file work20.pdb (PDB, C-alpha atoms)
ATOM      1  CA  MET A   1     202.082  30.877 262.375
ATOM      2  CA  SER A   2     200.565  34.303 263.038
ATOM      3  CA  PRO A   3     197.732  35.712 260.946
ATOM      4  CA  THR A   4     198.639  38.242 258.265
ATOM      5  CA  PRO A   5     196.753  41.430 257.417
ATOM      6  CA  GLU A   6     194.224  41.124 254.604
ATOM      7  CA  ASP A   7     190.877  42.561 253.541
ATOM      8  CA  PRO A   8     188.376  40.866 255.849
ATOM      9  CA  PHE A   9     185.463  41.397 253.475
ATOM     10  CA  ALA A  10     187.485  39.779 250.665
ATOM     11  CA  ARG A  11     187.886  36.725 252.909
ATOM     12  CA  ALA A  12     184.181  36.720 253.864
ATOM     13  CA  PHE A  13     183.126  36.949 250.210
ATOM     14  CA  ALA A  14     185.546  34.153 249.254
ATOM     15  CA  GLU A  15     183.968  32.006 251.972
ATOM     16  CA  ALA A  16     180.485  32.883 250.658
ATOM     17  CA  ARG A  17     181.455  31.879 247.104
ATOM     18  CA  ALA A  18     182.920  28.604 248.388
ATOM     19  CA  ALA A  19     179.688  27.934 250.298
ATOM     20  CA  ALA A  20     177.663  28.498 247.109
ATOM     21  CA  ASP A  21     179.961  26.097 245.238
ATOM     22  CA  ARG A  22     179.079  23.461 247.875
ATOM     23  CA  GLY A  23     175.360  24.151 247.416
ATOM     24  CA  GLU A  24     175.097  26.098 250.681
ATOM     25  CA  VAL A  25     173.464  29.515 250.991
ATOM     26  CA  PRO A  26     176.315  31.886 250.085
ATOM     27  CA  VAL A  27     177.139  33.577 253.362
ATOM     28  CA  GLY A  28     180.679  34.081 254.590
ATOM     29  CA  ALA A  29     182.187  35.566 257.720
ATOM     30  CA  ALA A  30     185.585  36.563 259.072
ATOM     31  CA  VAL A  31     186.697  37.461 262.601
ATOM     32  CA  VAL A  32     189.444  40.062 262.738
ATOM     33  CA  ARG A  33     191.716  41.405 265.448
ATOM     34  CA  ASP A  34     194.288  44.140 264.903
ATOM     35  CA  GLY A  35     193.730  43.965 261.129
ATOM     36  CA  ALA A  36     194.470  40.251 260.867
ATOM     37  CA  VAL A  37     191.895  37.555 260.111
ATOM     38  CA  LEU A  38     191.800  35.094 263.005
ATOM     39  CA  ALA A  39     189.159  32.813 261.499
ATOM     40  CA  SER A  40     186.732  32.643 258.614
ATOM     41  CA  ALA A  41     183.983  30.327 257.453
ATOM     42  CA  GLY A  42     181.120  29.912 255.045
ATOM     43  CA  ASN A  43     177.749  28.343 255.730
ATOM     44  CA  ARG A  44     177.906  24.575 256.318
ATOM     45  CA  THR A  45     174.395  23.729 257.517
ATOM     46  CA  LEU A  46     173.867  21.101 254.815
ATOM     47  CA  ALA A  47     177.360  19.600 254.905
ATOM     48  CA  ASP A  48     177.398  19.377 258.690
ATOM     49  CA  ARG A  49     173.692  18.551 258.995
ATOM     50  CA  ASP A  50     173.639  21.239 261.653
ATOM     51  CA  PRO A  51     171.170  24.137 261.701
ATOM     52  CA  THR A  52     173.635  26.169 263.789
ATOM     53  CA  ALA A  53     176.464  25.872 261.232
ATOM     54  CA  HIS A  54     176.004  29.431 259.984
ATOM     55  CA  ALA A  55     179.129  31.220 258.761
ATOM     56  CA  GLU A  56     179.138  33.575 261.752
ATOM     57  CA  MET A  57     178.826  30.768 264.299
ATOM     58  CA  LEU A  58     181.622  28.762 262.692
ATOM     59  CA  ALA A  59     183.960  31.758 262.438
ATOM     60  CA  ILE A  60     183.242  32.777 266.048
ATOM     61  CA  ARG A  61     183.903  29.224 267.284
ATOM     62  CA  ALA A  62     187.175  29.019 265.350
ATOM     63  CA  ALA A  63     188.331  32.441 266.576
ATOM     64  CA  CYS A  64     187.536  31.501 270.191
ATOM     65  CA  ALA A  65     189.529  28.287 269.753
ATOM     66  CA  ALA A  66     192.442  30.202 268.204
ATOM     67  CA  LEU A  67     192.521  32.635 271.127
ATOM     68  CA  GLY A  68     191.717  30.062 273.796
ATOM     69  CA  SER A  69     188.870  32.188 275.116
ATOM     70  CA  GLU A  70     185.080  32.322 275.028
ATOM     71  CA  ARG A  71     185.299  36.097 274.552
ATOM     72  CA  LEU A  72     186.465  37.948 271.466
ATOM     73  CA  VAL A  73     187.079  41.319 273.092
ATOM     74  CA  GLY A  74     188.777  43.700 270.673
ATOM     75  CA  CYS A  75     187.693  41.600 267.678
ATOM     76  CA  ASP A  76     185.381  42.496 264.804
ATOM     77  CA  LEU A  77     183.105  40.336 262.661
ATOM     78  CA  TYR A  78     182.684  40.870 258.913
ATOM     79  CA  VAL A  79     179.788  38.995 257.316
ATOM     80  CA  THR A  80     178.157  39.088 253.915
ATOM     81  CA  LEU A  81     174.572  39.019 255.237
ATOM     82  CA  GLU A  82     172.858  40.639 258.216
ATOM     83  CA  PRO A  83     173.000  38.093 261.051
ATOM     84  CA  CYS A  84     169.931  36.159 262.190
ATOM     85  CA  ALA A  85     168.829  36.145 265.840
ATOM     86  CA  MET A  86     171.009  33.143 266.701
ATOM     87  CA  CYS A  87     174.123  34.715 265.213
ATOM     88  CA  ALA A  88     173.358  38.154 266.657
ATOM     89  CA  GLY A  89     173.152  36.488 270.062
ATOM     90  CA  ALA A  90     176.492  34.757 269.541
ATOM     91  CA  VAL A  91     178.075  38.082 268.555
ATOM     92  CA  SER A  92     176.775  39.587 271.793
ATOM     93  CA  PHE A  93     177.880  36.690 274.017
ATOM     94  CA  ALA A  94     181.327  36.675 272.382
ATOM     95  CA  ARG A  95     181.599  40.402 273.178
ATOM     96  CA  LEU A  96     182.686  41.285 269.653
ATOM     97  CA  ARG A  97     183.561  44.955 269.361
ATOM     98  CA  ARG A  98     182.147  45.684 265.908
ATOM     99  CA  LEU A  99     179.877  44.001 263.386
ATOM    100  CA  TYR A 100     180.231  44.852 259.708
ATOM    101  CA  TYR A 101     177.723  43.312 257.325
ATOM    102  CA  ALA A 102     177.013  43.617 253.615
ATOM    103  CA  ALA A 103     173.398  42.899 252.620
ATOM    104  CA  GLU A 104     170.379  43.444 254.819
ATOM    105  CA  ASP A 105     168.113  40.461 255.398
ATOM    106  CA  ALA A 106     164.551  41.774 255.617
ATOM    107  CA  LYS A 107     163.180  38.271 256.209
ATOM    108  CA  GLY A 108     165.677  36.667 258.583
ATOM    109  CA  GLY A 109     167.920  39.454 259.829
ATOM    110  CA  ALA A 110     167.886  40.375 263.496
ATOM    111  CA  VAL A 111     170.165  43.410 263.689
ATOM    112  CA  ASP A 112     168.494  46.162 261.677
ATOM    113  CA  ASN A 113     165.453  44.073 260.749
ATOM    114  CA  GLY A 114     163.152  41.745 262.656
ATOM    115  CA  PRO A 115     163.754  41.732 266.410
ATOM    116  CA  ARG A 116     166.605  44.273 266.289
ATOM    117  CA  PHE A 117     168.447  42.195 268.854
ATOM    118  CA  TYR A 118     170.941  44.818 270.036
ATOM    119  CA  ARG A 119     168.200  47.344 270.810
ATOM    120  CA  GLN A 120     166.473  45.046 273.298
ATOM    121  CA  PRO A 121     166.837  45.762 277.028
ATOM    122  CA  THR A 122     167.780  42.109 277.591
ATOM    123  CA  CYS A 123     170.856  42.402 275.356
ATOM    124  CA  HIS A 124     173.934  42.442 277.600
ATOM    125  CA  HIS A 125     176.447  43.578 274.979
ATOM    126  CA  ALA A 126     175.798  45.399 271.715
ATOM    127  CA  PRO A 127     178.613  45.780 269.206
ATOM    128  CA  GLU A 128     179.009  48.833 267.027
ATOM    129  CA  VAL A 129     177.125  47.955 263.818
ATOM    130  CA  TYR A 130     177.973  49.039 260.274
ATOM    131  CA  GLY A 131     175.671  47.664 257.581
ATOM    132  CA  GLY A 132     175.380  48.024 253.841
ATOM    133  CA  ILE A 133     179.085  47.605 253.024
ATOM    134  CA  ARG A 134     179.390  45.948 249.579
ATOM    135  CA  GLU A 135     175.633  45.400 249.842
ATOM    136  CA  THR A 136     174.985  45.161 246.092
ATOM    137  CA  GLU A 137     177.671  42.523 245.608
ATOM    138  CA  ALA A 138     176.299  40.372 248.431
ATOM    139  CA  ALA A 139     172.659  40.799 247.401
ATOM    140  CA  ASP A 140     173.502  39.926 243.782
ATOM    141  CA  MET A 141     175.313  36.769 244.908
ATOM    142  CA  LEU A 142     172.327  35.667 246.996
ATOM    143  CA  ARG A 143     169.815  36.452 244.226
ATOM    144  CA  ALA A 144     171.855  34.518 241.655
ATOM    145  CA  PHE A 145     172.147  31.538 244.000
ATOM    146  CA  PHE A 146     168.420  31.314 244.691
ATOM    147  CA  LYS A 147     167.510  32.003 241.049
ATOM    148  CA  ALA A 148     169.716  29.080 239.954
ATOM    149  CA  ARG A 149     168.119  26.823 242.571
ATOM    150  CA  ARG A 150     164.656  27.713 241.287
ATOM    151  CA  GLY A 151     165.835  27.016 237.751
ATOM    152  CA  ARG A 152     164.861  30.434 236.411
TER     153      ARG A 152
END

call {"tool": "encode", "arguments": {"input": "work20.pdb", "output": "structure tokens"}}
result
Amino acid sequence: MSPTPEDPFARAFAEARAAADRGEVPVGAAVVRDGAVLASAGNRTLADRDPTAHAEMLAIRAACAALGSERLVGCDLYVTLEPCAMCAGAVSFARLRRLYYAAEDAKGGAVDNGPRFYRQPTCHHAPEVYGGIRETEAADMLRAFFKARRGR
């Protein structure tokens, strides 16, 4: 069955909401090629007992498996939160063409915050980066999640 065109951010946000419903930090990601979603995932660090089970990592792994390749040339990643250093590295190693993200992560982000991974001379591949898309929606979802966990 071949993937069908859909709004990749809609899929990423659906994955983020599903992650929140499971008690995971609400982050979702989708890998897209030629307008079709190849793979998507939400955070599963708690469920999988795996600190690397971030939405981006899971979506990248699934897209690589779907294509039978360790490279995602010509593919784009849509994610609801600015990637951390681990995920930014995976984006680079997978050779993703573009990275679209919603909310900035001033504390843990590594693209436009923190180490600014793609601006380092040791970075072998830097995708085109577009941040702040649907930022308010993503930030509100994260704030609501953490507020509910704090009980306030």

call {"tool": "residues_around", "arguments": {"input": "work20.pdb", "residues": "Ala55 of chain A", "least_positions_apart": "5", "cutoff": "10 Å", "atoms": "all atoms listed in the file", "output": "PDB file with C-alpha atoms, in the frame of the given file"}}
result
ATOM      1  CA  ALA A  12     184.181  36.720 253.864  1.00  0.00           C
ATOM      2  CA  GLU A  15     183.968  32.006 251.972  1.00  0.00           C
ATOM      3  CA  ALA A  16     180.485  32.883 250.658  1.00  0.00           C
ATOM      4  CA  ALA A  19     179.688  27.934 250.298  1.00  0.00           C
ATOM      5  CA  VAL A  25     173.464  29.515 250.991  1.00  0.00           C
ATOM      6  CA  PRO A  26     176.315  31.886 250.085  1.00  0.00           C
ATOM      7  CA  VAL A  27     177.139  33.577 253.362  1.00  0.00           C
ATOM      8  CA  GLY A  28     180.679  34.081 254.590  1.00  0.00           C
ATOM      9  CA  ALA A  29     182.187  35.566 257.720  1.00  0.00           C
ATOM     10  CA  ALA A  30     185.585  36.563 259.072  1.00  0.00           C
ATOM     11  CA  SER A  40     186.732  32.643 258.614  1.00  0.00           C
ATOM     12  CA  ALA A  41     183.983  30.327 257.453  1.00  0.00           C
ATOM     13  CA  GLY A  42     181.120  29.912 255.045  1.00  0.00           C
ATOM     14  CA  ASN A  43     177.749  28.343 255.730  1.00  0.00           C
ATOM     15  CA  ARG A  44     177.906  24.575 256.318  1.00  0.00           C
ATOM     16  CA  THR A  45     174.395  23.729 257.517  1.00  0.00           C
ATOM     17  CA  ILE A  60     183.242  32.777 266.048  1.00  0.00           C
ATOM     18  CA  ARG A  61     183.903  29.224 267.284  1.00  0.00           C
ATOM     19  CA  VAL A  79     179.788  38.995 257.316  1.00  0.00           C
ATOM     20  CA  THR A  80     178.157  39.088 253.915  1.00  0.00           C
ATOM     21  CA  LEU A  81     174.572  39.019 255.237  1.00  0.00           C
ATOM     22  CA  PRO A  83     173.000  38.093 261.051  1.00  0.00           C
ATOM     23  CA  CYS A  87     174.123  34.715 265.213  1.00  0.00           C
TER      24      CYS A  87
END

call {"tool": "atom_distance", "arguments": {"input": "work20.pdb", "atom1": "atom CA of Ile133 of chain A", "atom2": "atom CA of Ser69 of chain A"}}
result
28.7 Å

call {"tool": "atom_distance", "arguments": {"input": "work20.pdb", "atom1": "atom CA of Ala103 of chain A", "atom2": "atom CA of Tyr130 of chain A"}}
result
10.8 Å

call {"tool": "closest_residue", "arguments": {"input": "work20.pdb", "among": "A:Ala144, A:Leu72, A:Ala62, A:Ala139", "to": "Tyr101 of chain A", "atoms": "all atoms listed in the file"}}
result
A:Ala139

call {"tool": "residues_around", "arguments": {"input": "work20.pdb", "residues": "Arg95 of chain A", "least_positions_apart": "6", "cutoff": "8 Å", "atoms": "only C-alpha atoms", "output": "list in words"}}
result
Arg71, Leu72, Val73, His125, Ala126 and Pro127 of chain A

call {"tool": "axis_aligned_box", "arguments": {"input": "work20.pdb", "around": "segment 53-64 of chain A", "padding_each_side": "3 Å", "output": "AutoDock Vina command-line options"}}
result
--center_x 182.2 --center_y 29.7 --center_z 264.5 --size_x 18.3 --size_y 13.7 --size_z 17.4

call {"tool": "closest_residue", "arguments": {"input": "work20.pdb", "among": "A:Cys64, A:Glu104, A:Leu96, A:Ala110", "to": "Cys84 of chain A", "atoms": "all atoms listed in the file"}}
result
A:Ala110

call {"tool": "residues_around", "arguments": {"input": "work20.pdb", "residues": "Leu38 of chain A", "least_positions_apart": "5", "cutoff": "6 Å", "atoms": "only C-alpha atoms", "output": "PDB file with C-alpha atoms, keeping the file's coordinate frame"}}
result
ATOM      1  CA  VAL A  31     186.697  37.461 262.601  1.00  0.00           C
ATOM      2  CA  VAL A  32     189.444  40.062 262.738  1.00  0.00           C
ATOM      3  CA  ALA A  63     188.331  32.441 266.576  1.00  0.00           C
TER       4      ALA A  63
END

call {"tool": "closest_residue", "arguments": {"input": "work20.pdb", "among": "A:Asp112, A:Ala88, A:Met57, A:Phe145", "to": "Arg22 of chain A", "atoms": "only C-alpha atoms"}}
result
A:Phe145

call {"tool": "resolve_selection", "arguments": {"input": "work20.pdb", "expression": "the PyMOL selection byres ((chain A and resi 123) around 12)", "output": "JSON, numbers by chain"}}
result
{"A": [85, 88, 89, 90, 91, 92, 93, 95, 111, 115, 116, 117, 118, 119, 120, 121, 122, 124, 125, 126, 127]}

call {"tool": "resolve_selection", "arguments": {"input": "work20.pdb", "expression": "the PyMOL selection byres ((chain A and resi 7) around 10)", "output": "VMD selection string"}}
result
chain A and resid 5 to 6 8 to 12 30 32 35 to 37 78

call {"tool": "atom_distance", "arguments": {"input": "work20.pdb", "atom1": "atom CA of Gly23 of chain A", "atom2": "atom CA of Arg98 of chain A"}}
result
29.2 Å

call {"tool": "build_atoms", "arguments": {"input": "work20.pdb", "residues": "segment 50-64 of chain A", "atoms": "N, CA and C atoms", "output": "mmCIF file, keeping the file's coordinate frame"}}
result
data_model
loop_
_atom_site.group_PDB
_atom_site.id
_atom_site.type_symbol
_atom_site.label_atom_id
_atom_site.label_comp_id
_atom_site.auth_asym_id
_atom_site.auth_seq_id
_atom_site.Cartn_x
_atom_site.Cartn_y
_atom_site.Cartn_z
ATOM 1 N N ASP A 50 173.680 20.496 260.398
ATOM 2 C CA ASP A 50 173.639 21.239 261.653
ATOM 3 C C ASP A 50 173.010 22.609 261.394
ATOM 4 N N PRO A 51 171.822 22.859 261.937
ATOM 5 C CA PRO A 51 171.170 24.137 261.701
ATOM 6 C C PRO A 51 171.906 25.329 262.312
ATOM 7 N N THR A 52 172.862 25.066 263.204
ATOM 8 C CA THR A 52 173.635 26.169 263.789
ATOM 9 C C THR A 52 174.933 26.442 263.036
ATOM 10 N N ALA A 53 175.202 25.724 261.966
ATOM 11 C CA ALA A 53 176.464 25.872 261.232
ATOM 12 C C ALA A 53 176.419 27.049 260.257
ATOM 13 N N HIS A 54 175.974 28.193 260.767
ATOM 14 C CA HIS A 54 176.004 29.431 259.984
ATOM 15 C C HIS A 54 177.446 29.944 259.953
ATOM 16 N N ALA A 55 177.772 30.695 258.926
ATOM 17 C CA ALA A 55 179.129 31.220 258.761
ATOM 18 C C ALA A 55 179.611 31.954 260.008
ATOM 19 N N GLU A 56 178.743 32.791 260.570
ATOM 20 C CA GLU A 56 179.138 33.575 261.752
ATOM 21 C C GLU A 56 179.469 32.663 262.931
ATOM 22 N N MET A 57 178.624 31.681 263.175
ATOM 23 C CA MET A 57 178.826 30.768 264.299
ATOM 24 C C MET A 57 180.144 30.010 264.146
ATOM 25 N N LEU A 58 180.402 29.527 262.939
ATOM 26 C CA LEU A 58 181.622 28.762 262.692
ATOM 27 C C LEU A 58 182.868 29.632 262.840
ATOM 28 N N ALA A 59 182.814 30.853 262.328
ATOM 29 C CA ALA A 59 183.960 31.758 262.438
ATOM 30 C C ALA A 59 184.194 32.165 263.890
ATOM 31 N N ILE A 60 183.111 32.424 264.628
ATOM 32 C CA ILE A 60 183.242 32.777 266.048
ATOM 33 C C ILE A 60 183.848 31.618 266.825
ATOM 34 N N ARG A 61 183.360 30.396 266.585
ATOM 35 C CA ARG A 61 183.903 29.224 267.284
ATOM 36 C C ARG A 61 185.392 29.056 266.998
ATOM 37 N N ALA A 62 185.768 29.197 265.728
ATOM 38 C CA ALA A 62 187.175 29.019 265.350
ATOM 39 C C ALA A 62 188.050 30.117 265.950
ATOM 40 N N ALA A 63 187.553 31.344 265.988
ATOM 41 C CA ALA A 63 188.331 32.441 266.576
ATOM 42 C C ALA A 63 188.498 32.239 268.079
ATOM 43 N N CYS A 64 187.441 31.793 268.752
ATOM 44 C CA CYS A 64 187.536 31.501 270.191
ATOM 45 C C CYS A 64 188.569 30.407 270.442
#
